[in-house]
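Enquirer: See work37.cif below, with mmCIF, C-alpha atoms; chains and numbers go by the auth columns.
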data_data
loop_
_atom_site.group_PDB
_atom_site.id
_atom_site.type_symbol
_atom_site.label_atom_id
_atom_site.label_comp_id
_atom_site.label_asym_id
_atom_site.label_seq_id
_atom_site.Cartn_x
_atom_site.Cartn_y
_atom_site.Cartn_z
_atom_site.B_iso_or_equiv
_atom_site.auth_seq_id
_atom_site.auth_asym_id
ATOM 1 C CA MET A 1 -16.058 5.987 3.560 0.00 1 A
ATOM 2 C CA LYS A 2 -15.688 9.529 2.297 0.00 2 A
ATOM 3 C CA GLU A 3 -13.273 9.363 -0.658 0.00 3 A
ATOM 4 C CA ASP A 4 -12.003 12.918 -0.677 0.00 4 A
ATOM 5 C CA TYR A 5 -8.296 12.211 -1.229 0.00 5 A
ATOM 6 C CA LEU A 6 -6.344 11.336 -4.356 0.00 6 A
ATOM 7 C CA ILE A 7 -3.993 8.413 -3.708 0.00 7 A
ATOM 8 C CA SER A 8 -1.174 7.641 -6.157 0.00 8 A
ATOM 9 C CA ILE A 9 0.869 4.477 -5.755 0.00 9 A
ATOM 10 C CA ILE A 10 3.928 3.398 -7.716 0.00 10 A
ATOM 11 C CA GLY A 11 5.200 -0.107 -7.018 0.00 11 A
ATOM 12 C CA ARG A 12 8.401 -1.538 -8.448 0.00 12 A
ATOM 13 C CA GLN A 13 9.523 -5.129 -8.131 0.00 13 A
ATOM 14 C CA LYS A 14 12.639 -7.083 -9.141 0.00 14 A
ATOM 15 C CA VAL A 15 12.362 -10.858 -9.392 0.00 15 A
ATOM 16 C CA ASP A 16 15.148 -13.047 -10.833 0.00 16 A
ATOM 17 C CA GLY A 17 16.699 -10.112 -12.684 0.00 17 A
ATOM 18 C CA GLU A 18 13.366 -9.031 -14.227 0.00 18 A
ATOM 19 C CA SER A 19 11.840 -5.671 -13.277 0.00 19 A
ATOM 20 C CA GLY A 20 8.237 -4.562 -13.287 0.00 20 A
ATOM 21 C CA GLU A 21 6.250 -1.493 -12.329 0.00 21 A
ATOM 22 C CA VAL A 22 2.621 -0.955 -11.358 0.00 22 A
ATOM 23 C CA ARG A 23 0.941 2.453 -11.121 0.00 23 A
ATOM 24 C CA LEU A 24 -2.385 3.129 -9.458 0.00 24 A
ATOM 25 C CA THR A 25 -4.219 6.409 -8.949 0.00 25 A
ATOM 26 C CA THR A 26 -7.518 6.256 -7.107 0.00 26 A
ATOM 27 C CA ARG A 27 -9.737 8.095 -4.676 0.00 27 A
ATOM 28 C CA GLY A 28 -9.772 7.100 -1.040 0.00 28 A
ATOM 29 C CA SER A 29 -9.817 8.366 2.490 0.00 29 A
ATOM 30 C CA TYR A 30 -7.047 9.676 4.720 0.00 30 A
ATOM 31 C CA THR A 31 -7.477 10.077 8.459 0.00 31 A
ATOM 32 C CA VAL A 32 -5.226 10.880 11.383 0.00 32 A
ATOM 33 C CA LYS A 33 -5.884 9.157 14.715 0.00 33 A
ATOM 34 C CA GLY A 34 -3.352 9.802 17.459 0.00 34 A
ATOM 35 C CA ASN A 35 0.140 9.006 16.142 0.00 35 A
ATOM 36 C CA SER A 36 -1.202 6.877 13.278 0.00 36 A
ATOM 37 C CA ARG A 37 -2.369 7.823 9.811 0.00 37 A
ATOM 38 C CA TYR A 38 -4.749 5.652 7.784 0.00 38 A
ATOM 39 C CA ILE A 39 -4.900 5.538 3.991 0.00 39 A
ATOM 40 C CA VAL A 40 -7.916 3.531 2.775 0.00 40 A
ATOM 41 C CA TYR A 41 -8.798 2.794 -0.856 0.00 41 A
ATOM 42 C CA GLN A 42 -10.452 0.199 -3.089 0.00 42 A
ATOM 43 C CA GLU A 43 -8.497 -1.987 -5.524 0.00 43 A
ATOM 44 C CA TYR A 44 -10.135 -3.415 -8.620 0.00 44 A
ATOM 45 C CA ASP A 45 -8.726 -6.400 -10.508 0.00 45 A
ATOM 46 C CA GLU A 46 -9.420 -6.019 -14.237 0.00 46 A
ATOM 47 C CA ASP A 47 -8.953 -9.772 -14.781 0.00 47 A
ATOM 48 C CA SER A 48 -11.399 -10.807 -12.066 0.00 48 A
ATOM 49 C CA GLN A 49 -15.139 -10.546 -11.717 0.00 49 A
ATOM 50 C CA LEU A 50 -14.793 -10.353 -7.939 0.00 50 A
ATOM 51 C CA SER A 51 -15.845 -7.256 -6.052 0.00 51 A
ATOM 52 C CA PRO A 52 -13.156 -4.703 -5.199 0.00 52 A
ATOM 53 C CA GLN A 53 -10.919 -5.287 -2.195 0.00 53 A
ATOM 54 C CA THR A 54 -10.338 -2.684 0.456 0.00 54 A
ATOM 55 C CA SER A 55 -6.699 -1.840 1.178 0.00 55 A
ATOM 56 C CA ILE A 56 -5.669 -0.110 4.389 0.00 56 A
ATOM 57 C CA LEU A 57 -2.257 1.392 5.059 0.00 57 A
ATOM 58 C CA LYS A 58 -1.658 2.202 8.710 0.00 58 A
ATOM 59 C CA VAL A 59 1.370 4.481 9.044 0.00 59 A
ATOM 60 C CA GLU A 60 2.772 4.698 12.573 0.00 60 A
ATOM 61 C CA ASP A 61 5.259 7.575 12.624 0.00 61 A
ATOM 62 C CA GLN A 62 6.679 6.996 16.091 0.00 62 A
ATOM 63 C CA GLU A 63 7.217 3.273 15.441 0.00 63 A
ATOM 64 C CA ASN A 64 8.603 3.901 11.933 0.00 64 A
ATOM 65 C CA ARG A 65 6.203 1.179 10.776 0.00 65 A
ATOM 66 C CA VAL A 66 3.583 0.714 8.050 0.00 66 A
ATOM 67 C CA THR A 67 1.049 -2.109 8.137 0.00 67 A
ATOM 68 C CA LEU A 68 -0.639 -3.042 4.849 0.00 68 A
ATOM 69 C CA ILE A 69 -3.949 -4.886 5.215 0.00 69 A
ATOM 70 C CA ARG A 70 -5.674 -6.044 2.038 0.00 70 A
ATOM 71 C CA GLY A 71 -8.812 -8.124 1.587 0.00 71 A
ATOM 72 C CA GLY A 72 -10.023 -8.492 5.171 0.00 72 A
ATOM 73 C CA MET A 73 -8.846 -10.763 7.953 0.00 73 A
ATOM 74 C CA ASP A 74 -7.808 -13.680 5.692 0.00 74 A
ATOM 75 C CA GLY A 75 -6.048 -11.537 3.092 0.00 75 A
ATOM 76 C CA THR A 76 -2.618 -9.988 3.027 0.00 76 A
ATOM 77 C CA ARG A 77 -1.135 -8.411 6.130 0.00 77 A
ATOM 78 C CA LEU A 78 2.409 -7.058 5.689 0.00 78 A
ATOM 79 C CA ILE A 79 4.295 -5.293 8.467 0.00 79 A
ATOM 80 C CA LEU A 80 6.959 -2.969 7.094 0.00 80 A
ATOM 81 C CA GLU A 81 9.224 -1.710 9.881 0.00 81 A
ATOM 82 C CA LYS A 82 12.566 -0.083 9.136 0.00 82 A
ATOM 83 C CA GLY A 83 15.520 -2.331 9.969 0.00 83 A
ATOM 84 C CA LYS A 84 13.377 -5.311 10.994 0.00 84 A
ATOM 85 C CA ARG A 85 12.211 -8.582 9.457 0.00 85 A
ATOM 86 C CA HIS A 86 8.654 -9.762 10.079 0.00 86 A
ATOM 87 C CA LEU A 87 6.919 -12.988 9.106 0.00 87 A
ATOM 88 C CA CYS A 88 3.657 -11.978 7.434 0.00 88 A
ATOM 89 C CA GLN A 89 0.649 -13.531 5.733 0.00 89 A
ATOM 90 C CA TYR A 90 0.502 -12.925 1.984 0.00 90 A
ATOM 91 C CA ASP A 91 -2.525 -13.848 -0.153 0.00 91 A
ATOM 92 C CA THR A 92 -1.563 -14.910 -3.686 0.00 92 A
ATOM 93 C CA GLY A 93 -5.147 -15.218 -4.930 0.00 93 A
ATOM 94 C CA TYR A 94 -4.685 -19.000 -5.006 0.00 94 A
ATOM 95 C CA GLY A 95 -3.984 -19.344 -1.297 0.00 95 A
ATOM 96 C CA SER A 96 -2.005 -17.752 1.505 0.00 96 A
ATOM 97 C CA LEU A 97 1.599 -18.251 2.483 0.00 97 A
ATOM 98 C CA VAL A 98 3.931 -16.878 5.103 0.00 98 A
ATOM 99 C CA VAL A 99 6.703 -14.632 3.797 0.00 99 A
ATOM 100 C CA GLY A 100 9.586 -12.823 5.426 0.00 100 A
ATOM 101 C CA VAL A 101 9.513 -9.056 4.965 0.00 101 A
ATOM 102 C CA PHE A 102 12.640 -6.966 5.620 0.00 102 A
ATOM 103 C CA THR A 103 12.318 -3.186 5.324 0.00 103 A
ATOM 104 C CA SER A 104 15.531 -1.318 4.555 0.00 104 A
ATOM 105 C CA THR A 105 14.058 2.165 4.008 0.00 105 A
ATOM 106 C CA LEU A 106 10.880 3.785 5.293 0.00 106 A
ATOM 107 C CA ARG A 107 10.380 7.532 4.926 0.00 107 A
ATOM 108 C CA SER A 108 7.143 9.335 5.695 0.00 108 A
ATOM 109 C CA SER A 109 6.330 13.005 5.225 0.00 109 A
ATOM 110 C CA LEU A 110 2.620 12.605 5.934 0.00 110 A
ATOM 111 C CA GLY A 111 0.954 15.555 7.636 0.00 111 A
ATOM 112 C CA GLU A 112 -2.580 16.664 8.411 0.00 112 A
ATOM 113 C CA LYS A 113 -3.511 17.116 4.718 0.00 113 A
ATOM 114 C CA GLY A 114 -1.539 14.264 3.141 0.00 114 A
ATOM 115 C CA GLY A 115 2.023 13.812 1.957 0.00 115 A
ATOM 116 C CA ARG A 116 4.214 10.935 0.849 0.00 116 A
ATOM 117 C CA VAL A 117 5.525 7.555 2.024 0.00 117 A
ATOM 118 C CA ASP A 118 8.495 5.754 0.409 0.00 118 A
ATOM 119 C CA ILE A 119 9.391 2.170 1.333 0.00 119 A
ATOM 120 C CA ASN A 120 12.088 -0.268 0.141 0.00 120 A
ATOM 121 C CA TYR A 121 11.726 -3.882 1.261 0.00 121 A
ATOM 122 C CA THR A 122 12.471 -7.478 0.329 0.00 122 A
ATOM 123 C CA LEU A 123 10.248 -10.545 0.420 0.00 123 A
ATOM 124 C CA ASP A 124 11.667 -13.980 1.140 0.00 124 A
ATOM 125 C CA ILE A 125 10.133 -17.443 1.155 0.00 125 A
ATOM 126 C CA ASN A 126 11.820 -20.097 3.327 0.00 126 A
ATOM 127 C CA SER A 127 14.623 -17.540 3.841 0.00 127 A
ATOM 128 C CA ASP A 128 15.318 -17.433 0.081 0.00 128 A
ATOM 129 C CA LEU A 129 15.077 -13.995 -1.543 0.00 129 A
ATOM 130 C CA SER A 130 11.890 -13.778 -3.599 0.00 130 A
ATOM 131 C CA SER A 131 11.772 -10.120 -4.642 0.00 131 A
ATOM 132 C CA ILE A 132 13.173 -6.635 -4.077 0.00 132 A
ATOM 133 C CA ASN A 133 10.414 -4.043 -3.827 0.00 133 A
ATOM 134 C CA GLU A 134 9.927 -0.271 -3.785 0.00 134 A
ATOM 135 C CA ILE A 135 6.654 1.492 -3.136 0.00 135 A
ATOM 136 C CA SER A 136 5.891 5.221 -3.227 0.00 136 A
ATOM 137 C CA ILE A 137 2.527 6.489 -2.024 0.00 137 A
ATOM 138 C CA THR A 138 1.363 10.084 -2.437 0.00 138 A
ATOM 139 C CA VAL A 139 -1.788 11.349 -0.709 0.00 139 A
ATOM 140 C CA LYS A 140 -3.366 14.728 -1.450 0.00 140 A
ATOM 141 C CA GLU A 141 -6.751 16.321 -1.082 0.00 141 A
ATOM 142 C CA ALA A 142 -8.795 15.748 -4.234 0.00 142 A
ATOM 143 C CA GLU A 143 -9.854 18.808 -6.165 0.00 143 A
ATOM 144 C CA GLN A 144 -12.880 18.963 -8.424 0.00 144 A
ATOM 145 C CA LYS A 145 -10.632 18.837 -11.504 0.00 145 A
ATOM 146 C CA ASP A 146 -9.217 15.501 -10.240 0.00 146 A
ATOM 147 C CA VAL A 147 -12.639 13.889 -10.570 0.00 147 A
ATOM 148 C CA LYS A 148 -14.120 12.989 -13.937 0.00 148 A
ATOM 149 C CA ASP A 149 -17.874 12.506 -13.985 0.00 149 A
ATOM 150 C CA CYS A 150 -18.780 9.616 -16.247 0.00 150 A
ATOM 151 C CA THR A 151 -22.048 8.163 -17.396 0.00 151 A
ATOM 152 C CA ALA A 152 -22.680 4.742 -18.852 0.00 152 A
ATOM 153 C CA GLY A 153 -21.325 4.455 -22.376 0.00 153 A
ATOM 154 C CA ASN A 154 -18.728 7.238 -22.019 0.00 154 A
#
Kindly transcribe the structure held in the file into structure tokens.
Expert:
Amino acid sequence: MKEDYLISIIGRQKVDGESGEVRLTTRGSYTVKGNSRYIVYQEYDEDSQLSPQTSILKVEDQENRVTLIRGGMDGTRLILEKGKRHLCQYDTGYGSLVVGVFTSTLRSSLGEKGGRVDINYTLDINSDLSSINEISITVKEAEQKDVKDCTAGN
């Protein structure tokens, strides 16, 4: 995989009145195939000794749908489609469960060289609201200044 794009992700989550935010900036790939756009990157868990997991975001403009695939066939697979609820597999790290995913907002301005995707969605378990989520993804071509060369010990 040629990692020639800079991918920035901001995720916000509200659970039981508590809010949290996660920010990730990494290198990855961005390809356009037909009416779909693919954002592929590696995620590293600082608390785990496991190898990184590949995350794939498939953005289907004409369907107004984003599919998030993380960790291979047995991992997480969320379908985010504006105005629809899908039952999806979600890997917690301790096992998988089926969650309901309802997407209220999905905006994409992705073009040939990158762009942005904004999504608002809820997760429910057994039809009970689990969390309210926002995710913003920005994709842009990486420039040399975006890459820091490091050697061991630096």
Enquirer: Taking into account all atoms listed in the file, which residue in the set A:Tyr121, A:Thr25, A:Lys113, A:Gly93 is nearest to A:Glu81?
Expert: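 For A:Glu81, the nearest of the candidates is A:Tyr121.
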Enquirer: Would you please work out which residue, of A:Arg23, A:Lys140, A:His86, A:Arg37, is nearest to A:Val98 when using only C-alpha atoms?
Expert: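 Of the candidates, the smallest distance to A:Val98 is held by A:His86.
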Enquirer: Kindly indicate which residue among A:Glu43, A:Gly83, A:Tyr30, A:Ser131 lies nearest to A:Leu57, using only C-alpha atoms for the distances.
Expert: A:Tyr30
Enquirer: Can you tell me which residues surround A:Ile10 at a distance of at most 8 Å, considering only C-alpha atoms, apart from same-chain residues fewer than 3 positions away, and format the answer as a PDB file with C-alpha atoms, in the coordinates of the input?
Expert:
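Final output, result.pdb:
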ATOM      1  CA  GLU A  21       6.250  -1.493 -12.329  1.00  0.00           C
ATOM      2  CA  VAL A  22       2.621  -0.955 -11.358  1.00  0.00           C
ATOM      3  CA  ARG A  23       0.941   2.453 -11.121  1.00  0.00           C
ATOM      4  CA  LEU A  24      -2.385   3.129  -9.458  1.00  0.00           C
ATOM      5  CA  ILE A 135       6.654   1.492  -3.136  1.00  0.00           C
ATOM      6  CA  SER A 136       5.891   5.221  -3.227  1.00  0.00           C
ATOM      7  CA  ILE A 137       2.527   6.489  -2.024  1.00  0.00           C
TER       8      ILE A 137
END
Enquirer: Just the residues within 7 Å of A:Gln13, please, counting all atoms listed in the file, with nothing from its chain fewer than 6 positions along; format it as JSON, numbers by chain.
Expert: {"A": [19, 20, 21, 131, 132, 133, 134]}
Enquirer: Point out the residue among A:Ser8, A:Ser36, A:Ser127, A:Thr122 with the least atom-to-atom distance to A:Glu63, counting all atoms listed in the file.
Expert: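 With all atoms listed in the file as the atom set, the closest residue is A:Ser36.
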Enquirer: Of the candidates A:Val117, A:Ile7, A:Leu106, A:Val66, which shows the shortest atom-to-atom distance to A:Lys82, using all atoms listed in the file?
Expert: A:Leu106
Enquirer: Apply the PyMOL selection byres ((chain A and resi 105) around 7) to the file shown and report the selected residues as a PyMOL selection string.
Expert: chain A and resi 82+103-104+106-107+119-120
Enquirer: Mind pulling up the distance from atom CA of A:Ala142 to atom CA of A:Tyr5?
Expert: 4.7 Å
Enquirer: Would you kindly return, as a ChimeraX atom specification, each protein, DNA or RNA residue with an atom no farther than 9 Å from any atom of A:Pro52, considering all atoms listed in the file and excluding same-chain residues fewer than 5 positions away?
Expert: /A:42-45,71
Enquirer: Would you give the centre and edge lengths, in Å to one decimal, of a box along x, y and z around the listed atoms of stretch 47-66 of chain A, with 4 Å added to each side, as JSON?
Expert:
{"center_x": -3.6, "center_y": -1.6, "center_z": 0.7, "size_x": 32.4, "size_y": 26.4, "size_z": 38.9}
Enquirer: Counting only C-alpha atoms, write as a list in words all protein and nucleic acid residues lying at most 12 Å from (-8.1, -2.7, -0.8) in the file's frame.
Expert: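 Here is the list of nearby residues: Leu24, Thr26, Arg27, Gly28, Ser29, Ile39, Val40, Tyr41, Gln42, Glu43, Tyr44, Asp45, Ser51, Pro52, Gln53, Thr54, Ser55, Ile56, Leu57, Leu68, Ile69, Arg70, Gly71, Gly72, Met73, Gly75, Thr76 and Arg77 of chain A.
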Enquirer: The selected residues should be written to file as a PDB file, in the frame of the given file (atoms: C-alpha atoms).
Expert:
ATOM      1  CA  LEU A  24      -2.385   3.129  -9.458  1.00  0.00           C
ATOM      2  CA  THR A  26      -7.518   6.256  -7.107  1.00  0.00           C
ATOM      3  CA  ARG A  27      -9.737   8.095  -4.676  1.00  0.00           C
ATOM      4  CA  GLY A  28      -9.772   7.100  -1.040  1.00  0.00           C
ATOM      5  CA  SER A  29      -9.817   8.366   2.490  1.00  0.00           C
ATOM      6  CA  ILE A  39      -4.900   5.538   3.991  1.00  0.00           C
ATOM      7  CA  VAL A  40      -7.916   3.531   2.775  1.00  0.00           C
ATOM      8  CA  TYR A  41      -8.798   2.794  -0.856  1.00  0.00           C
ATOM      9  CA  GLN A  42     -10.452   0.199  -3.089  1.00  0.00           C
ATOM     10  CA  GLU A  43      -8.497  -1.987  -5.524  1.00  0.00           C
ATOM     11  CA  TYR A  44     -10.135  -3.415  -8.620  1.00  0.00           C
ATOM     12  CA  ASP A  45      -8.726  -6.400 -10.508  1.00  0.00           C
ATOM     13  CA  SER A  51     -15.845  -7.256  -6.052  1.00  0.00           C
ATOM     14  CA  PRO A  52     -13.156  -4.703  -5.199  1.00  0.00           C
ATOM     15  CA  GLN A  53     -10.919  -5.287  -2.195  1.00  0.00           C
ATOM     16  CA  THR A  54     -10.338  -2.684   0.456  1.00  0.00           C
ATOM     17  CA  SER A  55      -6.699  -1.840   1.178  1.00  0.00           C
ATOM     18  CA  ILE A  56      -5.669  -0.110   4.389  1.00  0.00           C
ATOM     19  CA  LEU A  57      -2.257   1.392   5.059  1.00  0.00           C
ATOM     20  CA  LEU A  68      -0.639  -3.042   4.849  1.00  0.00           C
ATOM     21  CA  ILE A  69      -3.949  -4.886   5.215  1.00  0.00           C
ATOM     22  CA  ARG A  70      -5.674  -6.044   2.038  1.00  0.00           C
ATOM     23  CA  GLY A  71      -8.812  -8.124   1.587  1.00  0.00           C
ATOM     24  CA  GLY A  72     -10.023  -8.492   5.171  1.00  0.00           C
ATOM     25  CA  MET A  73      -8.846 -10.763   7.953  1.00  0.00           C
ATOM     26  CA  GLY A  75      -6.048 -11.537   3.092  1.00  0.00           C
ATOM     27  CA  THR A  76      -2.618  -9.988   3.027  1.00  0.00           C
ATOM     28  CA  ARG A  77      -1.135  -8.411   6.130  1.00  0.00           C
TER      29      ARG A  77
END
Enquirer: List the residues selected by the PyMOL selection byres ((chain A and resi 115) around 6) in the file shown, writing them as a PyMOL selection string.
Expert: chain A and resi 109-110+114+116+138-139
Enquirer: Generate the coordinates of all heavy atoms for stretch 30-41 of chain A; report them as a short mmCIF file (atom, residue, chain, number, x, y, z; two decimals), in the frame of the given file.
Expert:
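Below is the file that was written, part_18.cif:
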data_model
loop_
_atom_site.label_atom_id
_atom_site.label_comp_id
_atom_site.auth_asym_id
_atom_site.auth_seq_id
_atom_site.Cartn_x
_atom_site.Cartn_y
_atom_site.Cartn_z
N TYR A 30 -8.27 9.46 3.96
CA TYR A 30 -7.05 9.68 4.72
C TYR A 30 -7.45 10.27 6.06
O TYR A 30 -8.11 11.31 6.09
CB TYR A 30 -6.11 10.61 3.96
CG TYR A 30 -4.86 10.99 4.72
CD1 TYR A 30 -3.87 10.06 4.98
CD2 TYR A 30 -4.68 12.29 5.19
CE1 TYR A 30 -2.73 10.40 5.68
CE2 TYR A 30 -3.54 12.65 5.89
CZ TYR A 30 -2.57 11.70 6.13
OH TYR A 30 -1.43 12.05 6.82
N THR A 31 -7.13 9.58 7.13
CA THR A 31 -7.48 10.08 8.46
C THR A 31 -6.28 9.98 9.38
O THR A 31 -5.41 9.12 9.22
CB THR A 31 -8.65 9.30 9.08
OG1 THR A 31 -8.33 7.90 9.10
CG2 THR A 31 -9.93 9.48 8.29
N VAL A 32 -6.26 10.86 10.36
CA VAL A 32 -5.23 10.88 11.38
C VAL A 32 -5.89 10.57 12.71
O VAL A 32 -6.87 11.21 13.10
CB VAL A 32 -4.53 12.27 11.45
CG1 VAL A 32 -3.47 12.28 12.54
CG2 VAL A 32 -3.93 12.63 10.11
N LYS A 33 -5.39 9.53 13.39
CA LYS A 33 -5.88 9.16 14.72
C LYS A 33 -4.68 8.97 15.62
O LYS A 33 -3.91 8.02 15.45
CB LYS A 33 -6.70 7.86 14.65
CG LYS A 33 -7.99 7.99 13.86
CD LYS A 33 -8.75 6.69 13.83
CE LYS A 33 -9.98 6.82 12.96
NZ LYS A 33 -10.69 5.55 12.82
N GLY A 34 -4.51 9.88 16.57
CA GLY A 34 -3.35 9.80 17.46
C GLY A 34 -2.07 9.94 16.67
O GLY A 34 -1.91 10.87 15.88
N ASN A 35 -1.14 8.99 16.85
CA ASN A 35 0.14 9.01 16.14
C ASN A 35 0.11 8.17 14.86
O ASN A 35 1.15 7.93 14.26
CB ASN A 35 1.26 8.50 17.06
CG ASN A 35 1.54 9.46 18.19
OD1 ASN A 35 1.44 10.67 18.01
ND2 ASN A 35 1.86 8.93 19.35
N SER A 36 -1.08 7.71 14.47
CA SER A 36 -1.20 6.88 13.28
C SER A 36 -2.00 7.59 12.20
O SER A 36 -2.88 8.40 12.49
CB SER A 36 -1.90 5.55 13.62
OG SER A 36 -1.13 4.80 14.53
N ARG A 37 -1.67 7.26 10.96
CA ARG A 37 -2.37 7.82 9.81
C ARG A 37 -2.87 6.65 8.99
O ARG A 37 -2.15 5.67 8.79
CB ARG A 37 -1.43 8.70 9.00
CG ARG A 37 -0.92 9.88 9.84
CD ARG A 37 0.29 10.56 9.26
NE ARG A 37 0.97 11.43 10.17
CZ ARG A 37 0.49 12.50 10.78
NH1 ARG A 37 -0.76 12.82 10.65
NH2 ARG A 37 1.23 13.24 11.57
N TYR A 38 -4.11 6.74 8.52
CA TYR A 38 -4.75 5.65 7.78
C TYR A 38 -5.08 6.10 6.37
O TYR A 38 -5.75 7.10 6.18
CB TYR A 38 -6.03 5.20 8.49
CG TYR A 38 -5.80 4.60 9.85
CD1 TYR A 38 -5.69 5.40 10.98
CD2 TYR A 38 -5.67 3.22 10.00
CE1 TYR A 38 -5.46 4.85 12.23
CE2 TYR A 38 -5.45 2.66 11.25
CZ TYR A 38 -5.35 3.49 12.36
OH TYR A 38 -5.12 2.93 13.59
N ILE A 39 -4.60 5.32 5.40
CA ILE A 39 -4.90 5.54 3.99
C ILE A 39 -5.75 4.34 3.57
O ILE A 39 -5.31 3.19 3.68
CB ILE A 39 -3.61 5.60 3.15
CG1 ILE A 39 -2.69 6.71 3.66
CG2 ILE A 39 -3.94 5.79 1.68
CD1 ILE A 39 -1.27 6.62 3.13
N VAL A 40 -6.99 4.61 3.12
CA VAL A 40 -7.92 3.53 2.78
C VAL A 40 -8.41 3.75 1.34
O VAL A 40 -8.81 4.86 0.99
CB VAL A 40 -9.13 3.50 3.75
CG1 VAL A 40 -10.07 2.36 3.39
CG2 VAL A 40 -8.66 3.39 5.19
N TYR A 41 -8.35 2.70 0.53
CA TYR A 41 -8.80 2.79 -0.86
C TYR A 41 -9.26 1.43 -1.35
O TYR A 41 -8.97 0.40 -0.73
CB TYR A 41 -7.68 3.35 -1.75
CG TYR A 41 -6.43 2.52 -1.75
CD1 TYR A 41 -6.21 1.55 -2.73
CD2 TYR A 41 -5.45 2.68 -0.76
CE1 TYR A 41 -5.06 0.77 -2.74
CE2 TYR A 41 -4.31 1.91 -0.76
CZ TYR A 41 -4.12 0.96 -1.74
OH TYR A 41 -2.99 0.19 -1.74
#
